file final_26.txt (compact mmCIF, C-alpha atoms)
# COMPACT_ATOMS: atom_id res chain seq x y z
CA MET A 196 117.27 59.19 140.34
CA PHE A 197 116.45 62.00 137.92
CA GLY A 198 117.77 64.68 140.29
CA LYS A 199 120.95 62.74 140.97
CA ALA A 200 121.51 62.15 137.25
CA ILE A 201 121.06 65.80 136.36
CA PHE A 202 122.98 67.26 139.30
CA ASP A 203 124.93 64.99 141.65
CA ASP A 204 124.53 62.29 144.29
CA SER A 205 123.91 64.86 146.99
CA PHE A 206 120.56 65.88 145.44
CA PRO A 207 117.94 65.34 148.22
CA VAL A 208 115.25 62.87 147.23
CA THR A 209 114.28 61.23 150.54
CA ASP A 210 113.99 64.17 152.93
CA GLY A 211 110.20 64.41 152.60
CA GLU A 212 110.09 67.68 150.68
CA ASP A 213 108.10 67.93 147.55
CA PHE A 214 110.31 66.60 144.76
CA VAL A 215 109.11 69.04 142.07
CA CYS A 216 109.58 72.03 144.37
CA LYS A 217 113.06 70.87 145.35
CA LEU A 218 114.00 70.23 141.76
CA SER A 219 112.75 73.68 140.72
CA LYS A 220 114.83 75.35 143.42
CA LYS A 221 117.90 73.38 142.44
CA ILE A 222 117.51 74.29 138.76
CA ALA A 223 116.96 77.95 139.64
CA SER A 224 120.16 77.95 141.70
CA GLU A 225 122.09 76.75 138.65
CA LEU A 226 120.78 79.49 136.33
CA CYS A 227 122.68 82.70 135.54
CA ASP A 228 121.88 86.28 134.59
CA TYR A 229 123.80 88.12 131.88
CA THR A 230 123.72 91.56 130.30
CA ILE A 231 124.84 91.25 126.68
CA TYR A 232 126.09 94.09 124.45
CA VAL A 233 125.29 93.62 120.77
CA PRO A 234 127.04 95.91 118.22
CA CYS A 235 124.87 97.76 115.68
CA HIS A 236 125.39 99.44 112.33
CA VAL A 237 123.42 102.60 113.10
CA ALA A 238 125.32 105.77 112.30
CA HIS A 239 124.94 109.39 113.18
CA GLY A 240 127.11 111.80 115.10
CA CYS A 241 127.82 110.98 118.73
CA ASP A 242 128.28 114.41 120.26
CA TYR A 243 126.90 113.48 123.66
CA PRO A 244 125.78 110.29 125.48
CA GLU A 245 122.42 109.09 124.20
CA THR A 246 120.13 106.21 125.22
CA LEU A 247 116.80 104.89 123.91
CA ASN A 248 114.91 102.61 126.31
CA ILE A 249 112.99 99.86 124.52
CA GLY A 250 111.30 97.94 127.30
CA ASN A 251 114.08 96.49 129.44
CA LEU A 252 116.53 96.82 126.55
CA LYS A 253 118.59 99.91 125.80
CA LEU A 254 119.99 101.29 122.59
CA ILE A 255 123.12 103.17 123.69
CA ASN A 256 125.63 105.15 121.67
CA ARG A 257 129.40 104.90 121.68
CA LEU A 258 129.90 107.66 124.27
CA CYS A 259 127.70 105.80 126.77
CA PHE A 260 129.55 102.58 126.00
CA GLU A 261 132.99 104.14 126.42
CA LYS A 262 132.00 105.70 129.74
CA MET A 263 130.65 102.36 130.94
CA THR A 264 133.76 100.39 129.92
CA ASP A 265 136.32 103.00 130.97
CA GLY A 266 139.12 101.38 132.91
CA LEU A 267 138.78 97.90 131.41
CA GLY A 268 142.06 96.57 130.06
CA ASN A 269 144.28 99.05 131.88
CA GLY A 270 146.72 96.38 133.07
CA LYS A 271 150.23 95.72 131.85
CA PRO A 272 150.34 95.46 128.02
CA GLU A 273 152.24 92.16 128.12
CA GLU A 274 149.59 90.42 130.21
CA TYR A 275 147.18 88.09 128.39
CA GLU A 276 144.07 89.55 130.06
CA THR A 277 145.07 93.08 129.07
CA ARG A 278 145.65 92.03 125.46
CA MET A 279 142.27 90.31 125.42
CA TRP A 280 140.45 93.39 126.71
CA THR A 281 142.31 95.62 124.25
CA SER A 282 141.27 93.40 121.35
CA VAL A 283 137.61 93.25 122.43
CA LEU A 284 137.27 96.98 123.10
CA ASP A 285 139.09 97.95 119.89
CA ARG A 286 136.51 96.02 117.89
CA TYR A 287 133.51 97.31 119.84
CA ARG A 288 134.68 100.91 119.55
CA ASN A 289 134.48 100.60 115.77
CA PHE A 290 130.70 100.79 116.16
CA TYR A 291 128.54 103.79 117.00
CA TRP A 292 125.64 102.05 118.72
CA PHE A 293 124.94 98.97 120.84
CA VAL A 294 121.89 97.17 122.17
CA GLU A 295 122.10 96.31 125.87
CA VAL A 296 120.08 93.15 126.53
CA PRO A 297 119.50 91.77 130.06
CA VAL A 298 118.92 88.01 129.90
CA LYS A 299 117.88 86.36 133.14
CA GLY A 300 117.68 82.74 134.23
CA VAL A 301 119.56 80.88 131.50
CA PHE A 302 121.87 77.88 131.68
CA ASN A 303 124.88 79.33 129.88
CA LEU A 304 126.33 82.27 127.97
CA LYS A 305 125.63 80.65 124.60
CA LEU A 306 121.88 80.69 125.22
CA ALA A 307 122.07 84.25 126.56
CA ARG A 308 123.94 85.33 123.42
CA ASN A 309 121.34 83.74 121.14
CA VAL A 310 118.46 85.42 122.98
CA ALA A 311 120.28 88.77 122.89
CA SER A 312 120.99 88.50 119.16
CA ILE A 313 117.31 88.01 118.32
CA LEU A 314 116.06 90.74 120.63
CA ALA A 315 118.66 93.22 119.36
CA GLN A 316 117.38 92.52 115.85
CA HIS A 317 113.86 93.40 117.01
CA VAL A 318 115.21 96.83 117.99
CA ILE A 319 116.54 97.42 114.47
CA ASN A 320 113.24 96.21 113.01
CA LEU A 321 111.40 98.81 115.08
CA ILE A 322 113.66 101.53 113.65
CA HIS A 323 112.89 100.25 110.14
CA LEU A 324 109.16 100.71 110.82
CA VAL A 325 109.69 104.35 111.82
CA ILE A 326 112.46 105.40 109.40
CA SER A 327 111.90 104.78 105.68
CA ALA A 328 113.40 101.65 104.14
CA SER A 329 115.41 103.69 101.64
CA HIS A 330 117.14 105.38 104.56
CA SER A 331 117.63 102.44 106.90
CA TYR A 332 118.30 99.45 104.64
CA ARG A 333 121.96 99.06 105.65
CA MET A 334 121.34 98.89 109.38
CA MET A 335 122.52 95.64 110.93
CA THR A 336 123.13 94.17 114.34
CA GLY A 337 124.97 91.13 115.64
CA PHE A 338 128.29 89.83 116.88
CA ASN A 339 129.64 88.88 113.45
CA ILE A 340 128.83 91.96 111.38
CA PRO A 341 131.83 93.76 109.84
CA ALA A 342 133.03 96.88 111.60
CA GLU A 343 133.72 98.57 108.26
CA LEU A 344 131.63 98.49 105.09
CA ASP A 345 134.31 99.03 102.42
CA ASN A 346 134.03 98.00 98.79
CA HIS A 347 136.77 97.75 96.16
CA ILE A 348 136.36 97.27 92.40
CA LEU A 349 139.33 96.23 90.25
CA PHE A 350 139.11 96.89 86.50
CA LYS A 351 141.07 97.60 83.34
CA THR A 352 140.68 100.73 81.28
CA ALA A 353 140.32 100.74 77.49
CA ALA A 354 144.09 101.37 77.30
CA GLY A 355 144.69 98.12 79.19
CA ASN A 356 145.83 99.76 82.40
CA PHE A 357 144.71 98.42 85.76
CA SER A 358 142.72 100.75 87.96
CA CYS A 359 140.50 100.45 91.00
CA LEU A 360 137.64 102.11 92.75
CA HIS A 361 137.26 102.31 96.52
CA ARG A 362 134.01 103.09 98.22
CA GLY A 363 134.22 103.58 101.95
CA ALA A 364 130.97 103.48 103.85
CA ALA A 365 130.13 104.65 107.33
CA LYS A 366 129.10 102.12 109.94
CA GLY A 367 125.42 101.98 109.13
CA ASN A 368 123.56 104.67 107.24
CA VAL A 369 124.74 108.21 106.78
CA GLY A 370 122.24 110.97 107.30
CA LEU A 371 120.24 109.98 110.37
CA PRO A 372 119.53 113.20 112.21
CA GLU A 373 121.27 114.16 115.39
CA LYS A 374 119.25 113.10 118.43
CA PHE A 375 117.31 110.65 116.26
CA THR A 376 116.18 108.89 119.45
CA GLU A 377 113.98 111.94 120.13
CA ILE A 378 111.79 110.79 117.21
CA PHE A 379 110.41 108.18 119.63
CA GLU A 380 109.32 110.70 122.26
CA SER A 381 105.93 111.52 120.76
CA GLY A 382 103.30 110.68 118.16
CA ARG A 383 103.18 107.50 116.11
CA PRO A 384 106.83 106.45 116.80
CA LYS A 385 106.22 106.64 120.57
CA GLU A 386 103.04 104.55 120.25
CA LEU A 387 104.94 101.93 118.28
CA LEU A 388 107.83 102.03 120.76
CA ASP A 389 105.45 101.51 123.71
CA VAL A 390 103.87 98.40 122.17
CA VAL A 391 107.12 96.91 120.88
CA SER A 392 108.64 97.54 124.33
CA GLN A 393 105.86 95.45 125.87
CA CYS A 394 106.50 92.72 123.30
CA ILE A 395 110.23 92.66 123.98
CA ASN A 396 109.72 92.49 127.75
CA LEU A 397 107.28 89.59 127.31
CA GLU A 398 109.73 87.86 124.98
CA LEU A 399 112.44 88.27 127.64
CA ASP A 400 110.23 86.25 129.99
CA LEU A 401 111.70 82.88 129.05
CA ARG A 402 109.35 81.01 131.42
CA ASN A 403 106.19 81.77 129.43
CA GLU A 404 105.05 81.99 125.83
CA TYR A 405 102.87 84.72 124.41
CA PRO A 406 101.63 83.49 121.00
CA MET A 407 100.42 86.86 119.76
CA VAL A 408 103.66 88.60 120.69
CA ARG A 409 105.69 85.86 119.04
CA ARG A 410 103.68 86.09 115.81
CA LEU A 411 104.00 89.88 115.69
CA LEU A 412 107.75 89.88 116.35
CA GLU A 413 108.36 87.12 113.80
CA ALA A 414 106.40 89.03 111.16
CA THR A 415 108.36 92.18 111.99
CA TYR A 416 111.55 90.12 111.73
CA TRP A 417 110.61 89.13 108.15
CA TYR A 418 109.85 92.79 107.42
CA GLY A 419 113.24 93.95 108.72
CA ASP A 420 114.95 91.20 106.73
CA ALA A 421 113.16 92.46 103.61
CA VAL A 422 114.29 96.04 104.23
CA ARG A 423 117.93 94.93 104.54
CA GLU A 424 117.77 92.54 101.55
CA SER A 425 119.55 93.65 98.36
CA ASN A 426 118.16 91.00 95.98
CA LEU A 427 114.85 92.27 94.53
CA SER A 428 113.22 88.85 94.11
CA VAL A 429 114.18 87.77 97.64
CA LYS A 430 112.98 91.14 98.93
CA ILE A 431 109.51 90.51 97.49
CA VAL A 432 109.46 87.02 99.03
CA LYS A 433 110.37 88.40 102.46
CA TYR A 434 107.79 91.20 102.46
CA THR A 435 105.01 88.79 101.52
CA SER A 436 106.29 86.26 104.07
CA ALA A 437 105.92 88.96 106.74
CA LEU A 438 102.28 89.43 105.70
CA GLU A 439 101.73 85.66 105.69
CA ARG A 440 103.19 85.21 109.16
CA LEU A 441 101.00 88.02 110.43
CA LEU A 442 97.70 87.20 108.78
CA VAL A 443 97.43 83.48 107.98
CA PHE A 444 96.06 81.12 110.67
CA GLY A 445 95.95 77.52 109.53
CA GLU A 446 94.60 78.18 106.04
CA THR A 447 96.36 76.22 103.30
CA SER A 448 95.21 78.12 100.22
CA GLY A 449 93.51 81.30 99.03
CA TYR A 450 96.28 83.57 100.29
CA THR A 451 95.88 85.95 97.34
CA LYS A 452 92.43 86.84 98.72
CA ILE A 453 93.13 86.39 102.44
CA LEU A 454 96.16 88.69 102.73
CA PRO A 455 94.76 91.81 100.99
CA LYS A 456 91.38 91.61 102.76
CA ARG A 457 92.77 91.06 106.25
CA ALA A 458 95.43 93.76 105.80
CA ALA A 459 92.81 96.23 104.54
CA ALA A 460 90.44 95.36 107.41
CA LEU A 461 93.19 96.00 109.95
CA MET A 462 94.06 99.36 108.40
CA LYS A 463 90.46 100.51 108.09
CA ASN A 464 89.82 99.59 111.71
CA ILE A 465 92.54 102.02 112.81
CA TRP A 466 92.85 104.82 110.26
CA VAL A 467 90.41 106.83 108.19
CA LEU A 468 91.79 106.05 104.73
CA PRO A 469 90.08 106.87 101.44
CA ASP A 470 88.54 103.81 99.77
CA GLU A 471 90.76 104.35 96.73
CA GLU A 472 93.89 104.16 98.88
CA ILE A 473 92.72 100.95 100.55
CA LYS A 474 91.92 99.41 97.15
CA SER A 475 95.36 100.43 95.89
CA ASN A 476 97.01 98.83 98.96
CA MET A 477 95.08 95.63 98.36
CA GLU A 478 96.19 95.52 94.72
CA ILE A 479 99.84 96.01 95.76
CA ILE A 480 99.63 93.08 98.19
CA LYS A 481 97.88 90.91 95.60
CA LYS A 482 100.47 91.67 92.93
CA GLY A 483 103.34 91.16 95.38
CA TYR A 484 101.99 87.80 96.53
CA ASP A 485 101.39 86.72 92.94
CA LEU A 486 105.01 87.56 92.09
CA ARG A 487 106.19 85.75 95.21
CA SER A 488 104.39 82.55 94.12
CA LYS A 489 105.86 82.76 90.63
CA ILE A 490 109.38 83.28 92.00
CA LEU A 491 109.19 80.37 94.46
CA HIS A 492 107.52 77.98 92.02
CA GLY A 493 109.99 78.72 89.25
CA SER A 494 107.53 80.14 86.73
CA ILE A 495 109.45 83.41 86.60
CA SER A 496 113.18 84.10 86.57
CA PRO A 497 114.54 86.00 89.57
CA ILE A 498 116.22 88.34 87.07
CA SER A 499 113.19 88.65 84.78
CA PRO A 500 112.08 92.12 83.57
CA ALA A 501 108.65 91.16 84.95
CA LEU A 502 110.13 91.81 88.40
CA ASP A 503 110.16 95.51 87.66
CA PHE A 504 107.89 95.94 90.64
CA PRO A 505 107.76 99.15 92.73
CA VAL A 506 109.09 97.42 95.81
CA HIS A 507 108.88 100.63 97.86
CA GLN A 508 105.10 100.32 97.59
CA ILE A 509 104.93 96.87 99.15
CA ASP A 510 107.38 98.05 101.81
CA LYS A 511 104.99 100.87 102.70
CA VAL A 512 101.88 98.66 102.69
CA CYS A 513 103.62 95.93 104.70
CA GLY A 514 104.74 98.51 107.27
CA LEU A 515 101.22 99.98 107.51
CA THR A 516 99.76 96.50 108.02
CA LEU A 517 102.22 95.75 110.81
CA GLU A 518 101.42 99.06 112.49
CA ALA A 519 97.67 98.43 112.20
CA PHE A 520 98.15 94.97 113.71
CA ILE A 521 100.14 96.50 116.58
CA TYR A 522 97.50 99.15 117.34
CA ASN A 523 94.63 96.63 117.07
CA LEU A 524 96.32 94.05 119.25
CA GLU A 525 97.79 96.18 122.03
CA SER A 526 95.23 95.23 124.67
CA SER A 527 95.61 91.47 124.02
CA LEU A 528 99.38 91.11 123.96
CA ARG A 529 99.53 89.21 127.24
CA ASP A 530 96.90 86.68 126.18
CA GLN A 531 98.45 83.22 126.38
CA ARG A 532 95.50 81.36 124.91
CA ASP A 533 95.66 79.50 121.63
CA GLU A 534 96.07 81.61 118.48
CA LYS A 535 92.52 80.66 117.51
CA ILE A 536 91.35 83.75 119.39
CA LEU A 537 93.56 85.86 117.11
CA ARG A 538 92.23 84.14 114.00
CA ASP A 539 88.62 84.71 115.09
CA TRP A 540 89.37 88.34 115.88
CA ILE A 541 90.85 89.01 112.42
CA LYS A 542 87.98 87.15 110.74
CA SER A 543 85.49 89.33 112.63
CA LEU A 544 87.23 92.43 111.29
CA VAL A 545 87.07 91.08 107.75
CA VAL A 546 83.33 90.35 108.14
CA LYS A 547 82.80 94.01 109.11
CA PHE A 548 85.12 95.23 106.34
CA CYS A 549 83.51 96.63 103.21
CA LEU A 550 84.36 99.12 100.52
call {"tool": "encode", "arguments": {"input": "final_26.txt", "output": "structure tokens"}}
result
Amino acid sequence: MFGKAIFDDSFPVTDGEDFVCKLSKKIASELCDYTIYVPCHVAHGCDYPETLNIGNLKLINRLCFEKMTDGLGNGKPEEYETRMWTSVLDRYRNFYWFVEVPVKGVFNLKLARNVASILAQHVINLIHLVISASHSYRMMTGFNIPAELDNHILFKTAAGNFSCLHRGAAKGNVGLPEKFTEIFESGRPKELLDVVSQCINLELDLRNEYPMVRRLLEATYWYGDAVRESNLSVKIVKYTSALERLLVFGETSGYTKILPKRAAALMKNIWVLPDEEIKSNMEIIKKGYDLRSKILHGSISPISPALDFPVHQIDKVCGLTLEAFIYNLESSLRDQRDEKILRDWIKSLVVKFCL
């Protein structure tokens, strides 16, 4: 009855085959594979085709995209299909970079699009970790982002005359070096890329869940959101939320102590940092979390002078904590057990941590 209700009256239920096996095969036959192309605001010169492999995803530039889509929409101009292709390609060619996301075994294009949107954002978040926030804060990705980032200001002069100011921005940030994808070929960026690539491939596996990967990617998502945020008070909230998502496991209080200690323990387990630097990092997290609580609980105005907080410092410390988590966790990414194992692991690091 279930099979017939979901599919049709021809679904076999009395032929002696195992019902669950038959149902699984039927569902699998109804699923589709898609490769989705998500536009990105990442700008630098496109003098030659360039690709960055991030697990099974690819970050490709406009020249690669144009070569791949060459010939689409070459029909008669008056035909509807030609006009549709012209419209789509005209919009896509306003961007310099795209994330190619293969999504397998989904019921419809809507689900594939949603999966692709999230995974493309993880790519941008990785770039934020490697390239400073001050340089990458305007990077975006998605199907609804504007192709142009123009700004106009209308005003009157002292003489009463109308005037205006126009600021035209490139698609993404200006100033990324040529061949910036080569940054990921060695050293720390390559190590980060290798681990994040594993995470993205595991996240693409829609049949299974990997709790540690999910927690890491969600924390990195908060971090990327903080980098792109323009409101200072919201920025502080997002950075500290990234630390919370990464380091809190069921506790309901004491975050002001938990977050700095666990972050410091992670960092000290990976890098040889002077004690003074670790103490300074802990103080930055403590102050940031204290401000976050005051903002959310209404005890401080979001435009208060007390928010004159060096936000670049918490960006740096948050990024270092994420990196330390990545390096510490690499060997356990595929663990599908309960997150308790992760909590116990971090607690063991804190027990060993001392200044």
call {"tool": "closest_residue", "arguments": {"input": "final_26.txt", "among": "A:Leu306, A:Ser329, A:Leu314, A:Ile340", "to": "Cys235 (chain A)", "atoms": "all atoms listed in the file"}}
result
A:Ile340
call {"tool": "residues_around", "arguments": {"input": "final_26.txt", "residues": "region 520-532 of chain A", "least_positions_apart": "2", "cutoff": "12 Å", "atoms": "all atoms listed in the file", "output": "PyMOL selection string"}}
result
chain A and resi 321+324+383-398+400+403-412+414-415+438+440-442+457-466+513-518+534-538+540-541+544
call {"tool": "residues_around", "arguments": {"input": "final_26.txt", "residues": "Asn476 (chain A)", "least_positions_apart": "3", "cutoff": "10 Å", "atoms": "all atoms listed in the file", "output": "PyMOL selection string"}}
result
chain A and resi 455-456+458-459+462+470-473+479-482+508-509+511-513+515-516
call {"tool": "axis_aligned_box", "arguments": {"input": "final_26.txt", "around": "region 466-471 of chain A", "padding_each_side": "4 Å", "output": "JSON"}}
result
{"center_x": 90.7, "center_y": 105.3, "center_z": 103.5, "size_x": 12.3, "size_y": 11.1, "size_z": 21.5}
call {"tool": "closest_residue", "arguments": {"input": "final_26.txt", "among": "A:Glu478, A:Glu373, A:Asp420, A:Asp503", "to": "Tyr243 (chain A)", "atoms": "all atoms listed in the file"}}
result
A:Glu373
call {"tool": "closest_residue", "arguments": {"input": "final_26.txt", "among": "A:Arg423, A:Lys474, A:Lys299, A:Arg362", "to": "Asp345 (chain A)", "atoms": "all atoms listed in the file"}}
result
A:Arg362
call {"tool": "atom_distance", "arguments": {"input": "final_26.txt", "atom1": "CA of Ala421 (chain A)", "atom2": "CA of Leu349 (chain A)"}}
result
29.6 Å
